[in-house]
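Asks: If it helps, the file is called upload_33.txt and holds compact mmCIF, C-alpha atoms:
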```txt
# COMPACT_ATOMS: atom_id res chain seq x y z
CA MET R 22 0.00 0.00 0.00
CA SER R 23 1.43 3.38 -1.00
CA VAL R 24 1.79 5.97 1.72
CA GLY R 25 4.06 8.35 -0.19
CA PRO R 26 1.77 11.38 -0.57
CA ALA R 27 0.49 11.25 3.00
CA ALA R 28 3.97 10.76 4.41
CA GLY R 29 5.30 13.59 2.26
CA SER R 30 2.50 15.89 3.40
CA TRP R 31 3.15 15.00 7.06
CA ASN R 32 6.89 15.64 6.62
CA ASP R 33 6.15 19.03 5.02
CA TRP R 34 4.01 20.07 7.98
CA ARG R 35 6.59 18.74 10.45
CA ARG R 36 9.31 20.82 8.76
CA THR R 37 7.02 23.85 8.83
CA TYR R 38 6.47 23.60 12.60
CA GLY R 39 9.98 22.31 13.36
CA ALA R 40 11.52 25.53 12.06
CA TYR R 41 10.26 27.25 15.23
CA LEU R 42 12.15 24.88 17.53
CA ASN R 43 15.83 25.86 17.52
CA ARG R 44 18.14 28.12 19.50
CA ARG R 45 18.50 30.71 16.73
CA ILE R 46 14.74 31.20 16.55
CA LEU R 47 14.57 31.64 20.35
CA ILE R 48 17.24 34.36 20.21
CA VAL R 49 15.33 36.13 17.42
CA LEU R 50 12.17 35.91 19.56
CA LEU R 51 13.86 37.55 22.56
CA MET R 52 15.42 40.27 20.40
CA GLY R 53 11.92 40.96 19.08
CA VAL R 54 10.86 41.81 22.65
CA SER R 55 13.63 44.42 22.88
CA SER R 56 12.48 45.84 19.54
CA GLY R 57 8.76 46.07 20.32
CA LEU R 58 8.98 47.57 23.80
CA PRO R 59 10.49 51.00 22.96
CA LEU R 60 8.48 51.31 19.75
CA LEU R 61 5.20 51.22 21.65
CA LEU R 62 6.45 53.81 24.15
CA THR R 63 6.64 56.38 21.34
CA LEU R 64 3.26 55.34 19.91
CA SER R 65 0.13 54.23 21.75
CA THR R 66 1.48 54.28 25.32
CA LEU R 67 2.77 57.81 24.79
CA SER R 68 -0.58 58.90 23.33
CA TYR R 69 -2.42 57.38 26.32
CA TRP R 70 -0.08 59.15 28.74
CA LEU R 71 -0.67 62.45 26.91
CA ALA R 72 -4.44 61.95 26.82
CA LYS R 73 -4.62 61.24 30.56
CA ALA R 74 -2.51 64.36 31.19
CA GLY R 75 -5.10 66.46 29.33
CA VAL R 76 -3.23 67.11 26.08
CA ASP R 77 -5.57 67.86 23.13
CA LYS R 78 -6.07 65.34 20.33
CA THR R 79 -4.45 67.42 17.58
CA THR R 80 -1.25 67.72 19.65
CA ILE R 81 -1.36 64.00 20.42
CA GLY R 82 -1.51 63.30 16.70
CA LEU R 83 1.50 65.55 16.09
CA PHE R 84 3.44 63.61 18.71
CA ALA R 85 3.50 60.77 16.19
CA LEU R 86 6.30 62.78 14.56
CA VAL R 87 8.70 61.74 17.34
CA GLY R 88 8.84 58.46 15.42
CA VAL R 89 10.55 60.19 12.47
CA PRO R 90 13.89 58.39 13.16
CA TYR R 91 12.19 55.14 12.08
CA SER R 92 11.58 56.77 8.69
CA PHE R 93 15.14 57.99 8.18
CA LYS R 94 17.24 55.26 9.78
CA PHE R 95 18.52 54.24 6.35
CA VAL R 96 20.61 57.44 6.44
CA TRP R 97 22.87 56.21 9.25
CA ALA R 98 22.33 52.49 8.62
CA PRO R 99 25.50 52.18 6.45
CA ALA R 100 27.66 53.24 9.41
CA ILE R 101 26.02 50.74 11.75
CA ASP R 102 26.04 48.09 9.03
CA HIS R 103 29.76 48.36 8.27
CA LEU R 104 31.79 50.17 10.94
CA PRO R 105 33.19 48.24 13.92
CA LEU R 106 33.25 49.73 17.43
CA PRO R 107 36.73 50.06 19.01
CA VAL R 108 36.20 47.87 22.09
CA LEU R 109 32.75 46.30 21.88
CA SER R 110 33.28 44.80 18.42
CA ARG R 111 36.37 42.99 19.68
CA LEU R 112 34.46 41.68 22.69
CA PHE R 113 31.20 40.66 21.03
CA GLY R 114 31.59 40.97 17.25
CA ARG R 115 30.31 43.72 14.96
CA ARG R 116 26.57 43.02 15.19
CA ARG R 117 26.42 42.31 18.91
CA GLY R 118 28.83 45.12 19.75
CA TRP R 119 26.55 47.71 18.17
CA LEU R 120 23.48 46.13 19.73
CA PHE R 121 25.00 46.18 23.22
CA LEU R 122 25.86 49.88 22.94
CA LEU R 123 22.51 50.92 21.48
CA GLN R 124 20.52 49.03 24.10
CA ALA R 125 22.52 50.69 26.89
CA LEU R 126 21.74 54.13 25.43
CA LEU R 127 18.11 53.13 24.91
CA ALA R 128 17.69 52.09 28.55
CA ILE R 129 19.05 55.47 29.66
CA ALA R 130 16.71 57.37 27.29
CA ILE R 131 13.63 55.46 28.52
CA PHE R 132 14.55 56.17 32.14
CA VAL R 133 14.99 59.90 31.40
CA MET R 134 11.66 60.00 29.54
CA GLY R 135 9.93 58.81 32.70
CA MET R 136 11.35 61.80 34.57
CA THR R 137 9.51 64.30 32.34
CA ASP R 138 5.99 65.77 32.72
CA PRO R 139 3.80 66.08 29.58
CA LYS R 140 1.56 68.71 31.17
CA THR R 141 4.22 71.18 32.31
CA ALA R 142 7.09 70.32 29.96
CA PRO R 143 5.79 68.87 26.67
CA ILE R 144 8.99 69.88 24.84
CA ALA R 145 11.08 67.83 27.28
CA VAL R 146 8.76 64.87 26.71
CA ALA R 147 9.13 65.26 22.95
CA ILE R 148 12.95 65.42 23.14
CA ALA R 149 13.13 62.35 25.40
CA ALA R 150 10.68 60.45 23.19
CA LEU R 151 12.72 61.42 20.12
CA ALA R 152 15.87 60.02 21.77
CA VAL R 153 14.04 56.77 22.57
CA ALA R 154 12.86 56.56 18.95
CA PHE R 155 16.37 57.26 17.59
CA PHE R 156 18.09 54.57 19.67
CA SER R 157 15.21 52.17 19.08
CA ALA R 158 15.34 52.68 15.30
CA SER R 159 19.12 52.22 15.36
CA GLN R 160 18.73 49.06 17.43
CA ASP R 161 16.30 47.71 14.85
CA ILE R 162 18.91 48.12 12.10
CA VAL R 163 21.13 45.66 13.94
CA ILE R 164 18.36 43.28 15.08
CA ASP R 165 16.93 42.97 11.57
CA ALA R 166 20.35 42.36 10.04
CA TYR R 167 21.19 39.86 12.78
CA ARG R 168 17.94 37.93 12.15
CA ILE R 169 18.48 37.67 8.41
CA GLU R 170 22.15 36.65 8.79
CA ILE R 171 21.76 34.16 11.64
CA LEU R 172 18.88 32.21 10.02
CA ARG R 173 19.01 29.88 7.04
CA GLU R 174 16.85 30.71 4.03
CA GLU R 175 14.23 28.10 4.91
CA GLU R 176 13.97 29.60 8.43
CA GLN R 177 13.21 33.15 7.30
CA GLY R 178 9.43 32.68 7.38
CA ALA R 179 9.58 31.30 10.91
CA GLY R 180 12.02 34.05 11.84
CA ALA R 181 9.60 36.70 10.59
CA ALA R 182 6.81 35.12 12.64
CA VAL R 183 8.75 34.92 15.90
CA THR R 184 10.10 38.44 15.38
CA GLN R 185 6.51 39.63 15.36
CA ALA R 186 5.69 37.38 18.32
CA GLY R 187 8.56 38.83 20.35
CA TYR R 188 7.59 42.32 19.28
CA ARG R 189 4.06 41.70 20.56
CA LEU R 190 5.39 40.38 23.86
CA GLY R 191 7.23 43.69 24.12
CA LEU R 192 3.88 45.38 23.55
CA ILE R 193 2.41 43.55 26.52
CA LEU R 194 5.18 44.95 28.72
CA ALA R 195 5.11 48.51 27.36
CA GLY R 196 1.36 48.53 26.69
CA ALA R 197 -0.69 46.41 29.05
CA GLY R 198 1.90 46.60 31.80
CA ALA R 199 2.45 50.35 31.60
CA ILE R 200 -1.19 51.31 31.17
CA ALA R 201 -2.49 49.02 33.91
CA LEU R 202 0.24 50.08 36.35
CA SER R 203 -0.52 53.75 35.64
CA ASP R 204 -3.76 53.34 37.61
CA PHE R 205 -1.69 52.55 40.71
CA VAL R 206 1.86 53.97 40.42
CA GLY R 207 3.55 56.97 38.83
CA TRP R 208 4.93 57.01 35.33
CA ALA R 209 8.50 57.53 36.56
CA ALA R 210 8.48 54.10 38.24
CA ILE R 211 6.90 52.51 35.16
CA PHE R 212 9.55 53.87 32.82
CA ALA R 213 12.32 52.81 35.21
CA LEU R 214 10.95 49.25 35.13
CA LEU R 215 10.81 49.26 31.32
CA ALA R 216 14.40 50.54 31.16
CA ALA R 217 15.42 47.62 33.39
CA ILE R 218 13.79 45.18 30.94
CA ILE R 219 15.96 46.61 28.13
CA VAL R 220 18.99 45.98 30.35
CA LEU R 221 17.89 42.33 30.62
CA GLY R 222 17.83 42.27 26.82
CA MET R 223 21.52 43.15 26.90
CA VAL R 224 22.12 39.81 28.64
CA VAL R 225 20.61 38.06 25.59
CA VAL R 226 23.07 39.98 23.39
CA VAL R 227 26.01 38.80 25.50
CA LEU R 228 24.89 35.14 25.35
CA ALA R 229 23.87 35.09 21.67
CA PRO R 230 26.31 33.94 18.95
CA GLU R 231 27.68 36.38 16.39
CA PRO R 232 26.57 35.57 12.82
CA LYS R 233 29.34 33.86 10.87
CA GLY R 234 30.54 35.86 7.90
CA ALA R 235 28.27 38.78 8.76
CA ALA R 236 27.17 40.68 5.69
CA GLY R 237 28.57 44.06 4.81
CA THR R 238 32.20 43.32 5.71
CA VAL R 239 34.58 45.12 3.42
CA GLU R 240 37.54 43.04 2.29
CA ALA R 241 40.86 44.15 3.77
CA ARG R 242 43.18 46.07 1.49
CA SER R 243 46.94 45.71 1.42
CA PRO R 244 49.12 48.32 3.16
CA SER R 245 50.36 49.52 -0.22
CA ASP R 246 46.88 50.61 -1.34
CA ASP R 247 46.38 54.33 -1.66
CA VAL R 248 44.64 55.58 1.51
CA ALA R 249 42.27 57.93 -0.30
CA SER R 250 41.31 55.20 -2.75
CA ALA R 251 40.70 52.75 0.10
CA VAL R 252 38.49 55.23 1.96
CA ALA R 253 36.53 55.99 -1.21
CA SER R 254 36.08 52.28 -1.91
CA ARG R 255 34.82 51.62 1.60
CA ALA R 256 32.43 54.57 1.41
CA LYS R 257 31.07 53.41 -1.93
CA HIS R 258 30.58 49.86 -0.65
CA ALA R 259 28.85 51.03 2.54
CA ILE R 260 26.73 53.93 1.26
CA ILE R 261 26.17 53.68 -2.49
CA ASP R 262 26.33 49.98 -3.40
CA PRO R 263 23.37 48.90 -1.17
CA PHE R 264 21.05 51.32 -2.97
CA ILE R 265 22.36 50.51 -6.44
CA ASP R 266 21.91 46.83 -5.67
CA PHE R 267 18.34 47.39 -4.47
CA MET R 268 17.46 49.31 -7.64
CA ARG R 269 18.21 46.15 -9.62
CA HIS R 270 14.85 44.82 -8.42
CA ARG R 271 12.30 44.99 -11.21
CA GLY R 272 9.77 47.71 -10.33
CA TRP R 273 11.77 48.87 -7.31
CA MET R 274 9.82 52.12 -7.02
CA VAL R 275 6.56 50.18 -6.90
CA ILE R 276 8.06 48.01 -4.17
CA LEU R 277 8.90 51.09 -2.07
CA LEU R 278 5.42 52.56 -2.55
CA PHE R 279 3.87 49.25 -1.54
CA VAL R 280 6.03 49.13 1.59
CA LEU R 281 4.90 52.69 2.41
CA PHE R 282 1.18 52.06 2.00
CA TYR R 283 0.60 48.40 2.93
CA LYS R 284 -0.16 49.26 6.57
CA PHE R 285 -1.15 52.90 6.09
CA GLY R 286 -4.76 52.46 7.21
CA ASP R 287 -3.65 50.57 10.32
CA ALA R 288 -1.13 53.31 11.13
CA ILE R 289 -3.76 56.06 11.01
CA SER R 290 -6.17 54.14 13.24
CA GLY R 291 -3.43 52.95 15.59
CA VAL R 292 -2.11 56.40 16.48
CA MET R 293 -5.55 57.44 17.79
CA ALA R 294 -6.65 54.12 19.29
CA ASN R 295 -5.89 54.88 22.94
CA PRO R 296 -7.41 58.39 22.88
CA PHE R 297 -10.49 56.73 21.33
CA TYR R 298 -10.71 54.18 24.16
CA ALA R 299 -10.19 56.88 26.78
CA GLU R 300 -12.91 59.07 25.24
CA LEU R 301 -15.36 56.17 25.31
CA GLY R 302 -14.70 55.90 29.07
CA PHE R 303 -12.63 52.72 29.37
CA SER R 304 -10.30 52.61 32.39
CA GLY R 305 -6.58 51.89 32.26
CA VAL R 306 -7.12 48.35 33.60
CA GLU R 307 -9.83 47.67 31.01
CA ILE R 308 -7.64 48.96 28.21
CA ALA R 309 -4.71 46.87 29.45
CA GLY R 310 -6.75 43.72 29.96
CA ILE R 311 -8.71 43.79 26.72
CA THR R 312 -6.84 45.91 24.20
CA LYS R 313 -3.37 44.79 25.22
CA VAL R 314 -3.42 41.31 26.75
CA LEU R 315 -6.26 39.87 24.63
CA GLY R 316 -5.05 41.86 21.64
CA VAL R 317 -1.49 40.60 21.94
CA ILE R 318 -2.64 36.99 22.32
CA ALA R 319 -4.74 37.38 19.19
CA THR R 320 -1.75 38.89 17.39
CA LEU R 321 0.49 35.99 18.40
CA VAL R 322 -2.05 33.54 17.01
CA GLY R 323 -2.32 35.59 13.82
CA THR R 324 1.45 35.87 13.54
CA PHE R 325 2.03 32.11 13.67
CA ALA R 326 -0.89 31.60 11.29
CA GLY R 327 0.77 34.12 8.95
CA GLY R 328 4.06 32.25 9.15
CA ILE R 329 2.28 29.05 8.17
CA LEU R 330 0.51 30.85 5.30
CA VAL R 331 3.87 32.04 3.96
CA ALA R 332 5.30 28.52 4.18
CA ARG R 333 2.27 26.80 2.62
CA LEU R 334 0.92 29.36 0.10
CA GLY R 335 3.84 31.71 -0.60
CA LEU R 336 4.46 35.40 0.00
CA MET R 337 2.01 37.06 -2.36
CA PRO R 338 -1.12 35.09 -1.36
CA ALA R 339 -0.25 35.58 2.31
CA LEU R 340 0.17 39.34 1.76
CA ILE R 341 -3.19 39.57 -0.04
CA ILE R 342 -5.02 37.66 2.70
CA GLY R 343 -3.37 39.71 5.46
CA GLY R 344 -3.94 43.04 3.70
CA ILE R 345 -7.65 42.46 3.09
CA ALA R 346 -8.14 41.23 6.66
CA GLN R 347 -6.38 44.30 8.11
CA ALA R 348 -8.59 46.66 6.10
CA VAL R 349 -11.91 44.98 6.88
CA MET R 350 -11.28 44.66 10.61
CA ASN R 351 -11.06 48.44 11.04
CA LEU R 352 -14.82 48.49 10.44
CA LEU R 353 -15.27 46.79 13.81
CA PHE R 354 -13.92 49.94 15.49
CA ALA R 355 -16.52 51.96 13.60
CA ALA R 356 -19.13 49.60 15.05
CA LEU R 357 -17.66 50.10 18.55
CA ALA R 358 -17.85 53.87 18.10
CA TRP R 359 -21.50 53.46 17.07
CA THR R 360 -22.45 51.29 20.08
CA GLY R 361 -20.39 53.22 22.66
CA LYS R 362 -18.66 51.74 25.69
CA ASP R 363 -19.16 47.98 25.51
CA LEU R 364 -16.50 45.59 26.81
CA GLY R 365 -17.76 42.68 24.69
CA MET R 366 -17.66 44.73 21.50
CA LEU R 367 -14.23 46.07 22.44
CA ALA R 368 -12.94 42.52 22.92
CA LEU R 369 -14.36 41.43 19.54
CA ALA R 370 -12.89 44.42 17.69
CA ILE R 371 -9.48 44.13 19.34
CA GLY R 372 -9.24 40.36 18.96
CA ALA R 373 -10.20 40.33 15.28
CA ASP R 374 -8.10 43.38 14.39
CA ASN R 375 -4.97 42.08 16.11
CA PHE R 376 -5.32 38.62 14.58
CA ALA R 377 -5.49 40.24 11.14
CA SER R 378 -2.55 42.51 11.96
CA GLY R 379 -0.41 39.53 13.02
CA LEU R 380 -1.39 37.67 9.85
CA GLY R 381 -0.29 40.58 7.67
CA ASN R 382 2.84 41.38 9.67
CA ALA R 383 4.30 37.87 9.41
CA ALA R 384 3.99 37.91 5.61
CA PHE R 385 5.18 41.52 5.39
CA VAL R 386 8.38 40.95 7.40
CA ALA R 387 9.16 37.80 5.41
CA TYR R 388 8.62 39.81 2.20
CA LEU R 389 10.97 42.61 3.33
CA SER R 390 13.61 40.05 4.33
CA SER R 391 13.38 38.38 0.92
CA LEU R 392 14.29 41.63 -0.81
CA CYS R 393 17.63 42.03 0.99
CA ASN R 394 21.01 41.09 -0.43
CA ARG R 395 23.05 39.59 2.41
CA ALA R 396 26.01 41.74 1.42
CA PHE R 397 24.04 44.82 2.52
CA THR R 398 21.54 43.38 5.00
CA GLY R 399 21.37 46.16 7.57
CA THR R 400 21.26 49.06 5.12
CA GLN R 401 18.71 47.56 2.71
CA TYR R 402 16.38 46.35 5.45
CA ALA R 403 16.67 49.77 7.11
CA LEU R 404 15.67 51.41 3.82
CA LEU R 405 12.58 49.22 3.52
CA THR R 406 11.47 49.60 7.12
CA SER R 407 12.12 53.35 6.92
CA PHE R 408 9.48 53.56 4.20
CA MET R 409 7.17 51.40 6.30
CA ALA R 410 7.76 53.68 9.30
CA ALA R 411 6.98 56.78 7.23
CA GLY R 412 3.41 55.53 6.92
CA ARG R 413 3.31 54.94 10.67
CA THR R 414 4.77 58.30 11.67
CA ILE R 415 4.85 61.14 9.13
CA LEU R 416 1.76 60.15 7.14
CA SER R 417 -0.17 59.11 10.26
CA SER R 418 0.54 62.37 12.12
CA GLY R 419 -2.62 63.84 10.61
CA GLY R 420 -4.72 61.17 12.32
CA GLY R 421 -5.42 63.47 15.27
CA TRP R 422 -6.64 66.23 12.95
CA LEU R 423 -8.95 63.77 11.18
CA ALA R 424 -10.35 62.57 14.51
CA ASP R 425 -10.95 66.19 15.56
CA HIS R 426 -12.89 66.97 12.37
CA MET R 427 -15.08 63.90 11.93
CA SER R 428 -16.96 61.42 14.07
CA TRP R 429 -15.20 58.29 15.30
CA VAL R 430 -17.43 56.18 13.03
CA SER R 431 -16.37 58.17 9.95
CA PHE R 432 -12.76 58.14 11.09
CA PHE R 433 -12.51 54.34 11.26
CA VAL R 434 -14.42 53.86 7.99
CA SER R 435 -11.88 56.19 6.34
CA THR R 436 -8.97 54.12 7.70
CA THR R 437 -10.45 51.08 5.97
CA LEU R 438 -10.49 52.94 2.65
CA LEU R 439 -6.90 54.10 3.20
CA ALA R 440 -5.80 50.47 2.93
CA VAL R 441 -6.91 50.29 -0.71
CA PRO R 442 -3.80 51.93 -2.29
CA GLY R 443 -1.51 49.35 -0.67
CA LEU R 444 -3.62 46.47 -1.96
CA LEU R 445 -3.65 47.91 -5.49
CA LEU R 446 0.14 48.22 -5.41
CA LEU R 447 0.37 44.61 -4.25
CA LEU R 448 -1.71 43.49 -7.25
CA TRP R 449 0.70 45.46 -9.46
CA LEU R 450 3.65 43.61 -7.92
CA MET R 451 1.90 40.28 -8.48
CA ARG R 452 1.74 41.16 -12.20
CA LEU R 453 5.42 42.12 -12.20
CA TYR R 454 6.33 38.80 -10.55
CA PRO R 455 3.75 36.27 -11.81
CA ALA R 456 6.18 33.36 -11.44
CA VAL R 457 6.54 33.82 -7.70
CA GLY R 458 2.87 33.97 -6.72
CA ARG R 459 3.29 30.75 -4.72
CA ALA R 460 7.04 30.97 -4.14
CA SER R 461 8.93 30.90 -0.87
CA PRO R 462 10.69 34.03 0.38
CA ALA R 463 13.99 32.72 -0.92
CA GLY R 464 12.44 32.06 -4.33
CA TYR R 465 11.17 35.62 -4.53
CA ALA R 466 14.57 37.00 -3.65
CA ARG R 467 16.21 35.02 -6.46
CA ASP R 468 13.61 36.13 -8.97
CA ALA R 469 13.77 39.76 -7.89
CA GLY R 470 17.54 39.95 -7.72
```
Take the structure in the file and write it out as structure tokens.
Replies:
Amino acid sequence: MSVGPAAGSWNDWRRTYGAYLNRRILIVLLMGVSSGLPLLLTLSTLSYWLAKAGVDKTTIGLFALVGVPYSFKFVWAPAIDHLPLPVLSRLFGRRRGWLFLLQALLAIAIFVMGMTDPKTAPIAVAIAALAVAFFSASQDIVIDAYRIEILREEEQGAGAAVTQAGYRLGLILAGAGAIALSDFVGWAAIFALLAAIIVLGMVVVVLAPEPKGAAGTVEARSPSDDVASAVASRAKHAIIDPFIDFMRHRGWMVILLFVLFYKFGDAISGVMANPFYAELGFSGVEIAGITKVLGVIATLVGTFAGGILVARLGLMPALIIGGIAQAVMNLLFAALAWTGKDLGMLALAIGADNFASGLGNAAFVAYLSSLCNRAFTGTQYALLTSFMAAGRTILSSGGGWLADHMSWVSFFVSTTLLAVPGLLLLLWLMRLYPAVGRASPAGYARDAG
């Protein structure tokens, strides 16, 4: 009796799940926590803090601009991608040396941010938040490069999923933890605790292995080489070559526009989510328990489901499914605005929206990873995520103005419509790359390169 097809199918599924069960994936998961925690501090947790302090909605929306470093990190990414640090690189290696330094600076910035007062010194809050965003964005350059370099090609889908899972665990700490604790203790103590968690992340950096043959290393030149020529060659390799290489992708401008707009609707709704909950009358504990804990659990489920979709269906189908789900689920917030304060409706909206977000994020991160040449990992991934961050920060900064000038129902309906451009650009990319509609991330990278 033949059992070939069934056995083959079972082995395929076992390989799909088995990719999550190795030390490298665990390290990527823990680094994802360090990445997600500071990001949320400059987004929804900051907006909640400002709202509770009595800051108006238009100003809260403008505070999204403190995330600008995420949009321009590609500018300094070549330095982080290529230059060694005098002492730390010898101790830990180039990737881990940079990560150790940036996390130390990040912990200090988070602690200082907790010492500010948004009501009496909003400028000080903005400067501290900008510092957190700068060190966080710089940290992400290293973490993203580390993930791509430490994992094998067949592990990239699983790596994208656990990166999002770790990121969401960071959201629990900086979101649910911070918001719930704010009902009982001061923000200074909360920020001190979050800074301590970043310090714990530094322990992971110390224990983690350095990627072998890390990308971006410039070959040594002989002592007889002309110094000026050597410097020019290094500069070209670090700054110019990554962008020239990326522009070899067919339809590279369409790719960048897609990266900018794929999560645009989610970014607009996300920046005003906590002020929306506060205006409806939900307490800090309710927001933490339902919008953060339940939401993060739903996101984790969606993230692993997205990783499986990438492995089983390919990048493009997974991106389509995730993009449509993200857009449609924003309508549940319009329904919540219509019904008013209702814990059951809040739980439904948050659970469904976060599941869809996790689904889309897993495919999106795998897609971005597939576009990177390992010779320029940090710089190219920073370029792509900078465009993604522009939708989350610069373009979403008008979200507060929109919320001030229309009802919450109209606001969330409009965020659903704002997802349409990203989906249309994705369909365009599917026409540019018809042969990779069901391909793995590695297959897409080979076709696009």
Asks: Would you list the residues near (15.8, 54.8, 13.5) (no more than 8 Å away, in the coordinates of the file, using all atoms listed in the file) as a PyMOL selection string?
Replies: chain R and resi 89-95+154-162+407
Asks: Env of R:Ala152: 12 Å cut, atoms = all atoms listed in the file, seq-sep filter 2 positions within chain, self excluded. Answer as a ChimeraX atom specification.
Replies: /R:59-60,62-63,87-91,123,126-134,145-150,154-159
Asks: Restricting the calculation to all atoms listed in the file: of R:Met223, R:Trp273, R:Thr398, R:Gln185, which residue gets closest to R:Arg117?
Replies: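 Nearest to R:Arg117: R:Met223.
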Asks: From the list R:Ala195, R:Leu277, R:Val227, R:Val314, which residue is nearest R:Leu215 when using only C-alpha atoms?
Replies: R:Ala195
Asks: Could the residues of stretch 164-200 of chain R that have an atom at most 12 Å from stretch 64-73 of chain R be listed as JSON lines, each with its closest atom pair and the distance in Å to one decimal, counting all atoms listed in the file and ordered by chain and ascending residue number?
Replies:
```
{"residue": "R:Leu192", "atom": "CA", "partner": "R:Thr66", "partner_atom": "CA", "distance": 9.4}
{"residue": "R:Ile193", "atom": "CA", "partner": "R:Thr66", "partner_atom": "CA", "distance": 10.8}
{"residue": "R:Leu194", "atom": "CA", "partner": "R:Thr66", "partner_atom": "CA", "distance": 10.6}
{"residue": "R:Ala195", "atom": "CA", "partner": "R:Thr66", "partner_atom": "CA", "distance": 7.1}
{"residue": "R:Gly196", "atom": "CA", "partner": "R:Thr66", "partner_atom": "CA", "distance": 5.9}
{"residue": "R:Ala197", "atom": "CA", "partner": "R:Thr66", "partner_atom": "CA", "distance": 9.0}
{"residue": "R:Gly198", "atom": "CA", "partner": "R:Thr66", "partner_atom": "CA", "distance": 10.1}
{"residue": "R:Ala199", "atom": "CA", "partner": "R:Thr66", "partner_atom": "CA", "distance": 7.5}
{"residue": "R:Ile200", "atom": "CA", "partner": "R:Thr66", "partner_atom": "CA", "distance": 7.1}
```
Asks: Which polymer residues have any atom within 12 Å of an atom of R:Pro230, counting only C-alpha atoms, with same-chain residues fewer than 6 positions away left out, as a PyMOL selection string?
Replies: chain R and resi 44-45+48-49+112-118+167-168+170-172
Asks: R:Val224, R:Pro105, R:Leu423, R:Leu353: which is nearest R:Met366, counting only C-alpha atoms?
Replies: R:Leu353
Asks: Using only C-alpha atoms, what does the table of stretch 329-406 of chain R residues within 12 Å of stretch 292-309 of chain R look like, with each row giving the shortest atom pair and its distance in Å to one decimal, sorted by chain and ascending number, as CSV?
Replies:
```
residue,atom,partner,partner_atom,distance
R:Asn351,CA,R:Ala294,CA,10.9
R:Phe354,CA,R:Ala294,CA,9.2
R:Ala355,CA,R:Phe297,CA,10.9
R:Leu357,CA,R:Leu301,CA,9.4
R:Ala358,CA,R:Leu301,CA,8.0
R:Trp359,CA,R:Leu301,CA,10.6
R:Thr360,CA,R:Leu301,CA,10.1
R:Gly361,CA,R:Leu301,CA,6.4
R:Lys362,CA,R:Leu301,CA,5.5
R:Asp363,CA,R:Phe303,CA,8.9
R:Leu364,CA,R:Glu307,CA,8.2
R:Gly365,CA,R:Glu307,CA,11.3
R:Leu367,CA,R:Tyr298,CA,9.0
R:Ala368,CA,R:Ile308,CA,9.9
R:Ala370,CA,R:Ala294,CA,11.6
R:Ile371,CA,R:Ile308,CA,10.3
R:Asp374,CA,R:Ala294,CA,11.9
```
Asks: Ranking R:Ile265, R:Met350, R:Val163, R:Leu190 by minimum distance to R:Ala100 and counting all atoms listed in the file, which one comes first?
Replies: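 The answer is R:Val163, which sits nearest to R:Ala100.
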Asks: Give me, please, the distance in Å between atom CA of R:Gly372 and atom CA of R:Val322, quoted to one decimal.
Replies: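 Taking atom CA of R:Gly372 as the start and atom CA of R:Val322 as the end point, the length is 10.1 Å.
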Asks: One decimal, in Å: what's the spacing between atom CA of R:Ala332 and atom CA of R:Arg395?
Replies: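 If I compute the distance from atom CA of R:Ala332 to atom CA of R:Arg395, I get 21.0 Å.
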Asks: Tell me, in Å to one decimal, how far atom CA of R:Ala179 is from atom CA of R:Leu392.
Replies: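 We find that atom CA of R:Ala179 and atom CA of R:Leu392 lie 16.3 Å from each other.
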Asks: When you count only C-alpha atoms, which of these residues is closest to R:Lys257: R:Pro143, R:Pro99, R:Gly310, R:Gly57?
Replies: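 Answer, going by the shortest atom-to-atom distance: R:Pro99.
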Asks: Which residue, R:Gly207, R:Asp77, R:Thr184, R:Trp422, has the smallest gap to R:Gly328 when you use all atoms listed in the file?
Replies: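 That would be R:Thr184, the residue with the smallest distance to R:Gly328.
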Asks: Please, can stretch 446-453 of chain R be completed to N, CA and C atoms and returned as a compact mmCIF listing (two decimals), in the coordinates of the input?
Replies:
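In the end it all went to out.txt:
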```txt
# COMPACT_ATOMS: atom_id res chain seq x y z
N LEU R 446 -1.28 48.35 -5.11
CA LEU R 446 0.14 48.22 -5.41
C LEU R 446 0.60 46.77 -5.31
N LEU R 447 0.03 46.02 -4.37
CA LEU R 447 0.37 44.61 -4.25
C LEU R 447 -0.07 43.84 -5.49
N LEU R 448 -1.25 44.14 -6.01
CA LEU R 448 -1.71 43.49 -7.25
C LEU R 448 -0.77 43.83 -8.41
N TRP R 449 -0.27 45.05 -8.44
CA TRP R 449 0.70 45.46 -9.46
C TRP R 449 1.97 44.61 -9.35
N LEU R 450 2.45 44.42 -8.12
CA LEU R 450 3.65 43.61 -7.92
C LEU R 450 3.42 42.16 -8.32
N MET R 451 2.22 41.65 -8.09
CA MET R 451 1.90 40.28 -8.48
C MET R 451 1.95 40.13 -10.00
N ARG R 452 1.62 41.20 -10.74
CA ARG R 452 1.74 41.16 -12.20
C ARG R 452 3.19 41.26 -12.63
N LEU R 453 3.99 42.02 -11.87
CA LEU R 453 5.42 42.12 -12.20
C LEU R 453 6.15 40.82 -11.95
```
